[in-house]
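Engineer: Following this line is my_file_29.pdb, made up of PDB, C-alpha atoms:
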ATOM      1  CA  GLU A   1      59.164 106.935  29.371  1.00  0.00           C
ATOM      2  CA  PRO A   2      61.398 109.409  31.262  1.00  0.00           C
ATOM      3  CA  GLU A   3      65.025 108.368  31.551  1.00  0.00           C
ATOM      4  CA  VAL A   4      68.141 109.190  33.502  1.00  0.00           C
ATOM      5  CA  THR A   5      70.796 110.294  31.021  1.00  0.00           C
ATOM      6  CA  GLN A   6      74.541 110.236  31.618  1.00  0.00           C
ATOM      7  CA  THR A   7      77.411 111.789  29.707  1.00  0.00           C
ATOM      8  CA  PRO A   8      79.898 110.883  28.494  1.00  0.00           C
ATOM      9  CA  SER A   9      79.341 107.179  27.916  1.00  0.00           C
ATOM     10  CA  HIS A  10      83.088 106.575  28.094  1.00  0.00           C
ATOM     11  CA  GLN A  11      85.773 108.747  29.650  1.00  0.00           C
ATOM     12  CA  VAL A  12      89.492 108.075  29.420  1.00  0.00           C
ATOM     13  CA  THR A  13      91.677 110.119  31.768  1.00  0.00           C
ATOM     14  CA  GLN A  14      95.303 110.185  32.809  1.00  0.00           C
ATOM     15  CA  MET A  15      96.020 109.235  36.410  1.00  0.00           C
ATOM     16  CA  GLY A  16      96.134 112.300  38.624  1.00  0.00           C
ATOM     17  CA  GLN A  17      93.733 114.304  36.514  1.00  0.00           C
ATOM     18  CA  GLU A  18      90.300 115.497  37.583  1.00  0.00           C
ATOM     19  CA  VAL A  19      87.179 114.171  35.903  1.00  0.00           C
ATOM     20  CA  ILE A  20      83.543 115.277  35.996  1.00  0.00           C
ATOM     21  CA  LEU A  21      80.763 112.836  35.242  1.00  0.00           C
ATOM     22  CA  ARG A  22      77.416 114.310  34.327  1.00  0.00           C
ATOM     23  CA  CYS A  23      73.858 113.141  34.836  1.00  0.00           C
ATOM     24  CA  VAL A  24      70.415 114.484  34.068  1.00  0.00           C
ATOM     25  CA  PRO A  25      67.959 112.814  36.466  1.00  0.00           C
ATOM     26  CA  ILE A  26      64.272 112.280  35.716  1.00  0.00           C
ATOM     27  CA  SER A  27      62.695 115.716  35.874  1.00  0.00           C
ATOM     28  CA  ASN A  28      60.267 115.355  38.808  1.00  0.00           C
ATOM     29  CA  HIS A  29      62.592 113.251  40.949  1.00  0.00           C
ATOM     30  CA  LEU A  30      63.915 114.679  44.179  1.00  0.00           C
ATOM     31  CA  TYR A  31      66.594 112.182  45.260  1.00  0.00           C
ATOM     32  CA  PHE A  32      69.787 111.573  43.345  1.00  0.00           C
ATOM     33  CA  TYR A  33      72.455 108.922  43.700  1.00  0.00           C
ATOM     34  CA  TRP A  34      75.807 107.783  42.389  1.00  0.00           C
ATOM     35  CA  TYR A  35      76.892 104.154  42.332  1.00  0.00           C
ATOM     36  CA  ARG A  36      79.902 102.481  40.831  1.00  0.00           C
ATOM     37  CA  GLN A  37      80.657  99.012  39.529  1.00  0.00           C
ATOM     38  CA  ILE A  38      84.227  97.859  39.190  1.00  0.00           C
ATOM     39  CA  LEU A  39      84.537  95.266  36.435  1.00  0.00           C
ATOM     40  CA  GLY A  40      83.337  91.885  37.666  1.00  0.00           C
ATOM     41  CA  GLN A  41      82.207  93.205  41.052  1.00  0.00           C
ATOM     42  CA  LYS A  42      78.979  94.287  42.692  1.00  0.00           C
ATOM     43  CA  VAL A  43      77.260  97.596  42.156  1.00  0.00           C
ATOM     44  CA  GLU A  44      78.289  99.772  45.137  1.00  0.00           C
ATOM     45  CA  PHE A  45      76.590 102.822  46.599  1.00  0.00           C
ATOM     46  CA  LEU A  46      78.639 106.020  46.690  1.00  0.00           C
ATOM     47  CA  VAL A  47      76.409 108.918  47.682  1.00  0.00           C
ATOM     48  CA  SER A  48      72.835 110.186  47.851  1.00  0.00           C
ATOM     49  CA  PHE A  49      71.780 113.798  47.449  1.00  0.00           C
ATOM     50  CA  TYR A  50      68.616 115.640  48.390  1.00  0.00           C
ATOM     51  CA  ASN A  51      67.648 119.268  48.738  1.00  0.00           C
ATOM     52  CA  ASN A  52      71.050 120.420  47.511  1.00  0.00           C
ATOM     53  CA  GLU A  53      73.067 118.509  50.046  1.00  0.00           C
ATOM     54  CA  ILE A  54      74.518 115.070  50.620  1.00  0.00           C
ATOM     55  CA  SER A  55      72.124 112.909  52.634  1.00  0.00           C
ATOM     56  CA  GLU A  56      74.271 109.779  52.862  1.00  0.00           C
ATOM     57  CA  LYS A  57      77.658 108.605  51.685  1.00  0.00           C
ATOM     58  CA  SER A  58      79.600 105.371  51.798  1.00  0.00           C
ATOM     59  CA  GLU A  59      83.166 104.769  52.944  1.00  0.00           C
ATOM     60  CA  ILE A  60      84.210 104.869  49.304  1.00  0.00           C
ATOM     61  CA  PHE A  61      83.080 108.482  48.974  1.00  0.00           C
ATOM     62  CA  ASP A  62      86.070 110.203  50.538  1.00  0.00           C
ATOM     63  CA  ASP A  63      87.550 113.681  50.030  1.00  0.00           C
ATOM     64  CA  GLN A  64      88.547 112.744  46.516  1.00  0.00           C
ATOM     65  CA  PHE A  65      84.900 112.821  45.478  1.00  0.00           C
ATOM     66  CA  SER A  66      82.321 115.587  45.388  1.00  0.00           C
ATOM     67  CA  VAL A  67      78.831 116.013  43.996  1.00  0.00           C
ATOM     68  CA  GLU A  68      76.970 119.049  42.844  1.00  0.00           C
ATOM     69  CA  ARG A  69      73.664 120.079  41.346  1.00  0.00           C
ATOM     70  CA  PRO A  70      74.813 123.188  39.512  1.00  0.00           C
ATOM     71  CA  ASP A  71      71.424 123.977  37.991  1.00  0.00           C
ATOM     72  CA  GLY A  72      67.891 122.622  37.970  1.00  0.00           C
ATOM     73  CA  SER A  73      68.641 119.672  35.752  1.00  0.00           C
ATOM     74  CA  ASN A  74      72.221 118.429  36.048  1.00  0.00           C
ATOM     75  CA  PHE A  75      73.808 116.335  38.794  1.00  0.00           C
ATOM     76  CA  THR A  76      77.568 115.871  38.659  1.00  0.00           C
ATOM     77  CA  LEU A  77      80.197 113.669  40.260  1.00  0.00           C
ATOM     78  CA  LYS A  78      83.718 115.098  40.412  1.00  0.00           C
ATOM     79  CA  ILE A  79      86.705 112.883  41.065  1.00  0.00           C
ATOM     80  CA  ARG A  80      89.946 114.693  41.878  1.00  0.00           C
ATOM     81  CA  SER A  81      93.438 113.246  41.450  1.00  0.00           C
ATOM     82  CA  THR A  82      92.171 110.104  39.802  1.00  0.00           C
ATOM     83  CA  LYS A  83      93.816 106.774  40.620  1.00  0.00           C
ATOM     84  CA  LEU A  84      93.999 103.551  38.649  1.00  0.00           C
ATOM     85  CA  GLU A  85      91.516 101.945  41.066  1.00  0.00           C
ATOM     86  CA  ASP A  86      88.913 104.570  40.185  1.00  0.00           C
ATOM     87  CA  SER A  87      88.424 102.787  36.859  1.00  0.00           C
ATOM     88  CA  ALA A  88      84.835 101.556  36.925  1.00  0.00           C
ATOM     89  CA  MET A  89      81.369 102.059  35.506  1.00  0.00           C
ATOM     90  CA  TYR A  90      79.680 104.937  37.332  1.00  0.00           C
ATOM     91  CA  PHE A  91      75.906 104.949  37.481  1.00  0.00           C
ATOM     92  CA  CYS A  92      73.651 107.843  38.305  1.00  0.00           C
ATOM     93  CA  ALA A  93      70.180 107.111  39.664  1.00  0.00           C
ATOM     94  CA  SER A  94      67.191 109.132  40.760  1.00  0.00           C
ATOM     95  CA  SER A  95      63.948 108.518  42.633  1.00  0.00           C
ATOM     96  CA  TRP A  96      60.849 110.467  43.481  1.00  0.00           C
ATOM     97  CA  GLY A  97      60.956 109.455  47.149  1.00  0.00           C
ATOM     98  CA  GLN A  98      63.277 107.873  49.636  1.00  0.00           C
ATOM     99  CA  THR A  99      64.433 104.285  49.216  1.00  0.00           C
ATOM    100  CA  TYR A 100      63.097 103.197  52.585  1.00  0.00           C
ATOM    101  CA  SER A 101      59.671 104.475  51.566  1.00  0.00           C
ATOM    102  CA  ASN A 102      60.005 101.959  48.762  1.00  0.00           C
ATOM    103  CA  GLN A 103      60.334 104.352  45.890  1.00  0.00           C
ATOM    104  CA  PRO A 104      62.320 102.612  43.157  1.00  0.00           C
ATOM    105  CA  GLN A 105      65.529 104.145  41.913  1.00  0.00           C
ATOM    106  CA  HIS A 106      65.894 104.542  38.162  1.00  0.00           C
ATOM    107  CA  PHE A 107      69.384 104.218  36.740  1.00  0.00           C
ATOM    108  CA  GLY A 108      71.177 105.719  33.781  1.00  0.00           C
ATOM    109  CA  ASP A 109      73.258 103.724  31.308  1.00  0.00           C
ATOM    110  CA  GLY A 110      76.456 104.648  33.110  1.00  0.00           C
ATOM    111  CA  THR A 111      79.781 106.269  32.302  1.00  0.00           C
ATOM    112  CA  ARG A 112      82.689 103.922  31.849  1.00  0.00           C
ATOM    113  CA  LEU A 113      85.722 105.627  33.398  1.00  0.00           C
ATOM    114  CA  SER A 114      89.140 104.353  32.376  1.00  0.00           C
ATOM    115  CA  ILE A 115      92.186 105.717  34.197  1.00  0.00           C
ATOM    116  CA  LEU A 116      95.509 105.298  32.399  1.00  0.00           C
TER     117      LEU A 116
ATOM    118  CA  SER B   1      76.799  93.242  57.694  1.00  0.00           C
ATOM    119  CA  GLN B   2      73.862  92.278  55.559  1.00  0.00           C
ATOM    120  CA  GLU B   3      74.611  90.475  52.321  1.00  0.00           C
ATOM    121  CA  LEU B   4      72.597  89.330  49.340  1.00  0.00           C
ATOM    122  CA  GLU B   5      73.499  86.025  47.727  1.00  0.00           C
ATOM    123  CA  GLN B   6      72.170  85.151  44.310  1.00  0.00           C
ATOM    124  CA  SER B   7      71.951  81.739  42.742  1.00  0.00           C
ATOM    125  CA  PRO B   8      72.795  80.481  40.301  1.00  0.00           C
ATOM    126  CA  GLN B   9      75.668  82.734  39.259  1.00  0.00           C
ATOM    127  CA  SER B  10      74.987  81.929  35.632  1.00  0.00           C
ATOM    128  CA  LEU B  11      72.268  80.151  33.746  1.00  0.00           C
ATOM    129  CA  ILE B  12      72.009  78.954  30.160  1.00  0.00           C
ATOM    130  CA  VAL B  13      68.574  77.934  28.943  1.00  0.00           C
ATOM    131  CA  GLN B  14      66.948  77.033  25.671  1.00  0.00           C
ATOM    132  CA  GLU B  15      64.426  79.506  24.338  1.00  0.00           C
ATOM    133  CA  GLY B  16      60.954  78.661  25.581  1.00  0.00           C
ATOM    134  CA  LYS B  17      62.113  77.130  28.858  1.00  0.00           C
ATOM    135  CA  ASN B  18      61.144  78.396  32.295  1.00  0.00           C
ATOM    136  CA  LEU B  19      63.749  79.429  34.837  1.00  0.00           C
ATOM    137  CA  THR B  20      64.109  80.688  38.398  1.00  0.00           C
ATOM    138  CA  ILE B  21      66.713  82.936  40.000  1.00  0.00           C
ATOM    139  CA  ASN B  22      67.025  83.189  43.757  1.00  0.00           C
ATOM    140  CA  CYS B  23      68.155  85.962  46.071  1.00  0.00           C
ATOM    141  CA  THR B  24      68.805  85.235  49.747  1.00  0.00           C
ATOM    142  CA  SER B  25      69.493  87.709  52.507  1.00  0.00           C
ATOM    143  CA  SER B  26      71.314  87.092  55.762  1.00  0.00           C
ATOM    144  CA  LYS B  27      68.791  89.338  57.551  1.00  0.00           C
ATOM    145  CA  THR B  28      65.156  90.352  57.142  1.00  0.00           C
ATOM    146  CA  LEU B  29      64.704  92.518  54.086  1.00  0.00           C
ATOM    147  CA  TYR B  30      63.127  95.935  54.308  1.00  0.00           C
ATOM    148  CA  GLY B  31      62.427  96.187  50.585  1.00  0.00           C
ATOM    149  CA  LEU B  32      63.611  94.011  47.710  1.00  0.00           C
ATOM    150  CA  TYR B  33      64.214  95.267  44.174  1.00  0.00           C
ATOM    151  CA  TRP B  34      64.897  93.355  40.986  1.00  0.00           C
ATOM    152  CA  TYR B  35      66.879  94.961  38.189  1.00  0.00           C
ATOM    153  CA  LYS B  36      68.106  93.730  34.827  1.00  0.00           C
ATOM    154  CA  GLN B  37      71.447  94.829  33.404  1.00  0.00           C
ATOM    155  CA  LYS B  38      72.533  94.299  29.847  1.00  0.00           C
ATOM    156  CA  TYR B  39      76.270  94.038  29.386  1.00  0.00           C
ATOM    157  CA  GLY B  40      77.852  97.482  29.508  1.00  0.00           C
ATOM    158  CA  GLU B  41      74.535  99.208  30.103  1.00  0.00           C
ATOM    159  CA  GLY B  42      72.519 100.538  32.983  1.00  0.00           C
ATOM    160  CA  LEU B  43      70.152  98.859  35.397  1.00  0.00           C
ATOM    161  CA  ILE B  44      66.557  98.549  34.325  1.00  0.00           C
ATOM    162  CA  PHE B  45      64.035  98.463  37.165  1.00  0.00           C
ATOM    163  CA  LEU B  46      61.807  95.386  37.014  1.00  0.00           C
ATOM    164  CA  MET B  47      59.884  95.038  40.269  1.00  0.00           C
ATOM    165  CA  MET B  48      59.798  96.029  43.917  1.00  0.00           C
ATOM    166  CA  LEU B  49      58.559  93.798  46.740  1.00  0.00           C
ATOM    167  CA  GLN B  50      57.765  95.071  50.199  1.00  0.00           C
ATOM    168  CA  LYS B  51      55.566  92.663  52.097  1.00  0.00           C
ATOM    169  CA  GLY B  52      56.142  89.099  53.177  1.00  0.00           C
ATOM    170  CA  GLY B  53      54.409  86.722  50.784  1.00  0.00           C
ATOM    171  CA  GLU B  54      54.054  89.386  48.114  1.00  0.00           C
ATOM    172  CA  GLU B  55      54.097  88.376  44.461  1.00  0.00           C
ATOM    173  CA  LYS B  56      54.224  90.633  41.405  1.00  0.00           C
ATOM    174  CA  SER B  57      54.188  89.912  37.696  1.00  0.00           C
ATOM    175  CA  HIS B  58      55.092  91.866  34.617  1.00  0.00           C
ATOM    176  CA  GLU B  59      54.690  90.192  31.271  1.00  0.00           C
ATOM    177  CA  LYS B  60      56.434  86.827  31.640  1.00  0.00           C
ATOM    178  CA  ILE B  61      58.398  87.685  34.775  1.00  0.00           C
ATOM    179  CA  THR B  62      57.110  86.932  38.277  1.00  0.00           C
ATOM    180  CA  ALA B  63      58.855  87.868  41.499  1.00  0.00           C
ATOM    181  CA  LYS B  64      58.020  86.632  44.984  1.00  0.00           C
ATOM    182  CA  LEU B  65      59.158  87.545  48.470  1.00  0.00           C
ATOM    183  CA  ASP B  66      58.851  84.848  51.122  1.00  0.00           C
ATOM    184  CA  GLU B  67      56.902  85.306  54.335  1.00  0.00           C
ATOM    185  CA  LYS B  68      60.013  85.810  56.415  1.00  0.00           C
ATOM    186  CA  LYS B  69      61.265  88.446  53.959  1.00  0.00           C
ATOM    187  CA  GLN B  70      64.673  86.833  53.624  1.00  0.00           C
ATOM    188  CA  GLN B  71      64.402  85.226  50.223  1.00  0.00           C
ATOM    189  CA  SER B  72      63.088  86.316  46.867  1.00  0.00           C
ATOM    190  CA  SER B  73      62.742  84.447  43.604  1.00  0.00           C
ATOM    191  CA  LEU B  74      62.421  85.683  40.046  1.00  0.00           C
ATOM    192  CA  HIS B  75      60.704  83.345  37.640  1.00  0.00           C
ATOM    193  CA  ILE B  76      60.677  83.743  33.875  1.00  0.00           C
ATOM    194  CA  THR B  77      58.125  81.766  31.887  1.00  0.00           C
ATOM    195  CA  ALA B  78      58.803  80.738  28.282  1.00  0.00           C
ATOM    196  CA  SER B  79      62.158  82.527  28.094  1.00  0.00           C
ATOM    197  CA  GLN B  80      63.122  84.535  25.016  1.00  0.00           C
ATOM    198  CA  PRO B  81      66.478  85.865  23.781  1.00  0.00           C
ATOM    199  CA  SER B  82      65.335  89.311  24.907  1.00  0.00           C
ATOM    200  CA  HIS B  83      65.407  88.063  28.506  1.00  0.00           C
ATOM    201  CA  ALA B  84      69.168  87.581  28.337  1.00  0.00           C
ATOM    202  CA  GLY B  85      71.238  89.758  30.647  1.00  0.00           C
ATOM    203  CA  ILE B  86      72.348  90.034  34.252  1.00  0.00           C
ATOM    204  CA  TYR B  87      69.649  89.991  36.884  1.00  0.00           C
ATOM    205  CA  LEU B  88      70.435  91.835  40.096  1.00  0.00           C
ATOM    206  CA  CYS B  89      68.547  91.836  43.336  1.00  0.00           C
ATOM    207  CA  GLY B  90      68.949  94.902  45.508  1.00  0.00           C
ATOM    208  CA  ALA B  91      67.741  95.851  48.944  1.00  0.00           C
ATOM    209  CA  ASP B  92      67.682  98.888  51.141  1.00  0.00           C
ATOM    210  CA  ARG B  93      69.095  98.953  54.636  1.00  0.00           C
ATOM    211  CA  THR B  94      66.630  99.908  57.302  1.00  0.00           C
ATOM    212  CA  GLY B  95      66.680 103.670  57.683  1.00  0.00           C
ATOM    213  CA  ALA B  96      69.186 104.151  54.884  1.00  0.00           C
ATOM    214  CA  ASN B  97      68.465 105.801  51.582  1.00  0.00           C
ATOM    215  CA  ASN B  98      70.654 103.622  49.424  1.00  0.00           C
ATOM    216  CA  LEU B  99      70.677 100.177  47.848  1.00  0.00           C
ATOM    217  CA  PHE B 100      73.077  97.302  48.184  1.00  0.00           C
ATOM    218  CA  PHE B 101      73.154  94.606  45.544  1.00  0.00           C
ATOM    219  CA  GLY B 102      73.746  90.924  45.067  1.00  0.00           C
ATOM    220  CA  THR B 103      76.442  89.543  42.803  1.00  0.00           C
ATOM    221  CA  GLY B 104      74.033  89.027  39.922  1.00  0.00           C
ATOM    222  CA  THR B 105      72.881  86.098  37.801  1.00  0.00           C
ATOM    223  CA  ARG B 106      73.977  86.038  34.160  1.00  0.00           C
ATOM    224  CA  LEU B 107      71.215  84.602  31.973  1.00  0.00           C
ATOM    225  CA  THR B 108      71.869  83.354  28.449  1.00  0.00           C
ATOM    226  CA  VAL B 109      68.926  82.246  26.303  1.00  0.00           C
ATOM    227  CA  ILE B 110      69.820  80.089  23.324  1.00  0.00           C
ATOM    228  CA  PRO B 111      67.495  80.479  20.331  1.00  0.00           C
TER     229      PRO B 111
END
Now, as a test, write the supplied structure out as structure tokens.
Structural biologist:
Amino acid sequence: EPEVTQTPSHQVTQMGQEVILRCVPISNHLYFYWYRQILGQKVEFLVSFYNNEISEKSEIFDDQFSVERPDGSNFTLKIRSTKLEDSAMYFCASSWGQTYSNQPQHFGDGTRLSIL
Amino acid sequence: SQELEQSPQSLIVQEGKNLTINCTSSKTLYGLYWYKQKYGEGLIFLMMLQKGGEEKSHEKITAKLDEKKQQSSLHITASQPSHAGIYLCGADRTGANNLFFGTGTRLTVIP
């Protein structure tokens, strides 16, 4: 069964550094998402991406964050000037259609980001 | 703002027992999704419910959405250790292409 794959599984970064989290969505999916889960808290939406542009973003997704689809397969989340509070599990997800058309999102295993 | 409350927060059952997890919304749900998360891993899609009164089953797991579309239940029959994990309900906001999630229910199945 097709999967969403994320790399690396664990990333340790010094505060203030930039980090790039990578995702390969399911190949025929058109919508891509990033979520995060701070330890012990809910899974929170960050951003959705379609047709090479951001379609929606949450309040969390400020100027520190950016997303890109640099080629036909990868989808990346860049976090600039990382802060301690950016430590979380980051999940990539993809779907064939839009959520409100009831197309399920399929999630990767996540990247655990630890900021020191 | 719309919230999803799950109950119970945690559940410990003996292998072979049945169990139910509930997810309640403060407003009418547009679509309701059930996911399972193993500790430190990703979310595995289980089922999606759209219509009031809808019920879906997959293997030993059955999910229902009430007629008012404000409450969903997930029922596991004859639980097995492989059912252990965190069960999350998620929903989409009307007109929004993203999901918001409940706090999760941690299920432990004792062999």
Engineer: Quick one: which residues from chain B are at most 10 Å off chain A, using only C-alpha atoms, as JSON, numbers by chain?
Structural biologist: {"B": [30, 31, 32, 33, 34, 35, 37, 38, 40, 41, 42, 43, 44, 45, 46, 47, 48, 49, 50, 88, 90, 91, 92, 93, 94, 95, 96, 97, 98, 99, 100, 101, 102, 103, 104]}
Engineer: Would you save the residues from that selection as a tab-separated table (two decimals), in the frame of the given file, using C-alpha atoms?
Structural biologist:
chain	number	residue	atom	x	y	z
B	30	TYR	CA	63.13	95.94	54.31
B	31	GLY	CA	62.43	96.19	50.58
B	32	LEU	CA	63.61	94.01	47.71
B	33	TYR	CA	64.21	95.27	44.17
B	34	TRP	CA	64.90	93.36	40.99
B	35	TYR	CA	66.88	94.96	38.19
B	37	GLN	CA	71.45	94.83	33.40
B	38	LYS	CA	72.53	94.30	29.85
B	40	GLY	CA	77.85	97.48	29.51
B	41	GLU	CA	74.54	99.21	30.10
B	42	GLY	CA	72.52	100.54	32.98
B	43	LEU	CA	70.15	98.86	35.40
B	44	ILE	CA	66.56	98.55	34.33
B	45	PHE	CA	64.04	98.46	37.16
B	46	LEU	CA	61.81	95.39	37.01
B	47	MET	CA	59.88	95.04	40.27
B	48	MET	CA	59.80	96.03	43.92
B	49	LEU	CA	58.56	93.80	46.74
B	50	GLN	CA	57.76	95.07	50.20
B	88	LEU	CA	70.44	91.84	40.10
B	90	GLY	CA	68.95	94.90	45.51
B	91	ALA	CA	67.74	95.85	48.94
B	92	ASP	CA	67.68	98.89	51.14
B	93	ARG	CA	69.10	98.95	54.64
B	94	THR	CA	66.63	99.91	57.30
B	95	GLY	CA	66.68	103.67	57.68
B	96	ALA	CA	69.19	104.15	54.88
B	97	ASN	CA	68.46	105.80	51.58
B	98	ASN	CA	70.65	103.62	49.42
B	99	LEU	CA	70.68	100.18	47.85
B	100	PHE	CA	73.08	97.30	48.18
B	101	PHE	CA	73.15	94.61	45.54
B	102	GLY	CA	73.75	90.92	45.07
B	103	THR	CA	76.44	89.54	42.80
B	104	GLY	CA	74.03	89.03	39.92
Engineer: Tell me, as a list in words, which residues lie within 6 Å of Ser10 of chain B, counting only C-alpha atoms; anything in the same chain fewer than 4 positions away does not count.
Structural biologist: Thr105, Arg106 and Leu107 of chain B
Engineer: For this structure, which residues satisfy the selection - the PyMOL selection byres ((chain B and resi 60) around 9) - when it is evaluated on the file as given? I want them as a ChimeraX atom specification.
Structural biologist: /B:57-59,61-62,75-79
Engineer: Which residue is closest to His10 of chain A? Choose from A:Ser94, A:Asn74, A:Ser27, A:Ser87 and count all atoms listed in the file.
Structural biologist: A:Ser87
Engineer: Taking only C-alpha atoms into account, which of B:Leu74, B:Ile21, B:Val13, B:Ile86 comes nearest Lys56 of chain B?
Structural biologist: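 Nearest to Lys56 of chain B: B:Leu74.
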Engineer: Around segment 98-110 of chain A, fit a box with edges along x, y and z, padding it by 8 Å on each side, then list its centre and edge lengths in Å to one decimal as JSON.
Structural biologist:
{"center_x": 68.1, "center_y": 104.9, "center_z": 41.9, "size_x": 32.8, "size_y": 21.9, "size_z": 37.3}
Engineer: Check which residues satisfy the PyMOL selection byres ((chain A and resi 5) around 7) in the file shown, then give them as a CSV table (one decimal) with C-alpha atoms, keeping the file's coordinate frame.
Structural biologist:
chain,number,residue,atom,x,y,z
A,3,GLU,CA,65.0,108.4,31.6
A,4,VAL,CA,68.1,109.2,33.5
A,6,GLN,CA,74.5,110.2,31.6
A,7,THR,CA,77.4,111.8,29.7
A,23,CYS,CA,73.9,113.1,34.8
A,24,VAL,CA,70.4,114.5,34.1
A,25,PRO,CA,68.0,112.8,36.5
A,108,GLY,CA,71.2,105.7,33.8
Engineer: Would you work out the distance separating atom CA of Gln11 of chain A from atom CA of Phe65 of chain A, expressed in Å to one decimal?
Structural biologist: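 About the pair atom CA of Gln11 of chain A and atom CA of Phe65 of chain A: they are 16.4 Å apart.
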Engineer: Quick one: residues within 12 Å of Gly52 of chain B, all atoms listed in the file, excluding same-chain residues fewer than 6 positions away - as an mmCIF file with C-alpha atoms, keeping the file's coordinate frame?
Structural biologist:
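Done, and the output landed in result09.cif:
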data_model
loop_
_atom_site.group_PDB
_atom_site.id
_atom_site.type_symbol
_atom_site.label_atom_id
_atom_site.label_comp_id
_atom_site.auth_asym_id
_atom_site.auth_seq_id
_atom_site.Cartn_x
_atom_site.Cartn_y
_atom_site.Cartn_z
ATOM 1 C CA THR B 28 65.156 90.352 57.142
ATOM 2 C CA LEU B 29 64.704 92.518 54.086
ATOM 3 C CA TYR B 30 63.127 95.935 54.308
ATOM 4 C CA GLY B 31 62.427 96.187 50.585
ATOM 5 C CA LEU B 32 63.611 94.011 47.710
ATOM 6 C CA LYS B 64 58.020 86.632 44.984
ATOM 7 C CA LEU B 65 59.158 87.545 48.470
ATOM 8 C CA ASP B 66 58.851 84.848 51.122
ATOM 9 C CA GLU B 67 56.902 85.306 54.335
ATOM 10 C CA LYS B 68 60.013 85.810 56.415
ATOM 11 C CA LYS B 69 61.265 88.446 53.959
ATOM 12 C CA GLN B 70 64.673 86.833 53.624
ATOM 13 C CA GLN B 71 64.402 85.226 50.223
ATOM 14 C CA SER B 72 63.088 86.316 46.867
#
Engineer: Do you know which residues are at most 7 Å from Leu77 of chain A counting only C-alpha atoms, after dropping those on the same chain fewer than 5 positions away, and could you put them as a PyMOL selection string?
Structural biologist: chain A and resi 20-22+66-68
Engineer: List the residues selected by the PyMOL selection byres ((chain B and resi 80) around 8) in the file shown, writing them as JSON, numbers by chain.
Structural biologist: {"B": [15, 16, 78, 79, 81, 82, 83, 84, 109, 111]}
Engineer: When you draw a straight line from atom CA of Asp62 of chain A to atom CA of Leu4 of chain B, how long is it in Å?
Structural biologist: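 If I compute the distance from atom CA of Asp62 of chain A to atom CA of Leu4 of chain B, I get 24.9 Å.
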Engineer: To one decimal place, how far is atom CA of Gly53 of chain B from atom CA of Gly85 of chain B in Å?
Structural biologist: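 That distance, rounded to one decimal, is 26.4 Å.
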Engineer: Quick one: of A:Pro2, A:Thr82, A:Tyr50, A:Ser95, who's nearest to Ser114 of chain A, counting only C-alpha atoms?
Structural biologist: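 Among the listed residues, the smallest separation from Ser114 of chain A belongs to A:Thr82.
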Engineer: Counting all atoms listed in the file, note down every residue that has an atom within 8 Å of the point (72.7, 84.9, 54.6) (file coordinates), as a list in words.
Structural biologist: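 Nearby residues: Gln2, Glu3, Leu4, Glu5, Thr24, Ser25, Ser26 and Lys27 of chain B.
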Engineer: Give me segment 90-101 of chain B with N, CA and C atoms filled in, as a PDB file, in the frame of the given file.
Structural biologist:
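Result saved to result-v9.pdb:
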ATOM      1  N   GLY B  90      68.443  93.832  44.667  1.00  0.00           N
ATOM      2  CA  GLY B  90      68.949  94.902  45.508  1.00  0.00           C
ATOM      3  C   GLY B  90      68.021  95.091  46.690  1.00  0.00           C
ATOM      4  N   ALA B  91      68.549  95.625  47.762  1.00  0.00           N
ATOM      5  CA  ALA B  91      67.741  95.851  48.944  1.00  0.00           C
ATOM      6  C   ALA B  91      68.187  97.135  49.616  1.00  0.00           C
ATOM      7  N   ASP B  92      67.282  97.696  50.397  1.00  0.00           N
ATOM      8  CA  ASP B  92      67.682  98.888  51.141  1.00  0.00           C
ATOM      9  C   ASP B  92      67.855  98.537  52.610  1.00  0.00           C
ATOM     10  N   ARG B  93      68.837  99.175  53.211  1.00  0.00           N
ATOM     11  CA  ARG B  93      69.095  98.953  54.636  1.00  0.00           C
ATOM     12  C   ARG B  93      68.084  99.786  55.428  1.00  0.00           C
ATOM     13  N   THR B  94      67.623  99.225  56.490  1.00  0.00           N
ATOM     14  CA  THR B  94      66.630  99.908  57.302  1.00  0.00           C
ATOM     15  C   THR B  94      67.120 101.303  57.678  1.00  0.00           C
ATOM     16  N   GLY B  95      66.333 102.298  57.338  1.00  0.00           N
ATOM     17  CA  GLY B  95      66.680 103.670  57.683  1.00  0.00           C
ATOM     18  C   GLY B  95      67.700 104.315  56.782  1.00  0.00           C
ATOM     19  N   ALA B  96      68.169 103.596  55.779  1.00  0.00           N
ATOM     20  CA  ALA B  96      69.186 104.151  54.884  1.00  0.00           C
ATOM     21  C   ALA B  96      68.603 104.377  53.503  1.00  0.00           C
ATOM     22  N   ASN B  97      69.004 105.449  52.897  1.00  0.00           N
ATOM     23  CA  ASN B  97      68.465 105.801  51.582  1.00  0.00           C
ATOM     24  C   ASN B  97      69.428 105.392  50.488  1.00  0.00           C
ATOM     25  N   ASN B  98      69.804 104.113  50.497  1.00  0.00           N
ATOM     26  CA  ASN B  98      70.654 103.622  49.424  1.00  0.00           C
ATOM     27  C   ASN B  98      70.383 102.133  49.236  1.00  0.00           C
ATOM     28  N   LEU B  99      70.859 101.589  48.144  1.00  0.00           N
ATOM     29  CA  LEU B  99      70.677 100.177  47.848  1.00  0.00           C
ATOM     30  C   LEU B  99      72.005  99.441  47.912  1.00  0.00           C
ATOM     31  N   PHE B 100      71.934  98.186  48.353  1.00  0.00           N
ATOM     32  CA  PHE B 100      73.077  97.302  48.184  1.00  0.00           C
ATOM     33  C   PHE B 100      72.593  96.129  47.333  1.00  0.00           C
ATOM     34  N   PHE B 101      73.531  95.560  46.573  1.00  0.00           N
ATOM     35  CA  PHE B 101      73.154  94.606  45.544  1.00  0.00           C
ATOM     36  C   PHE B 101      73.800  93.241  45.752  1.00  0.00           C
TER      37      PHE B 101
END
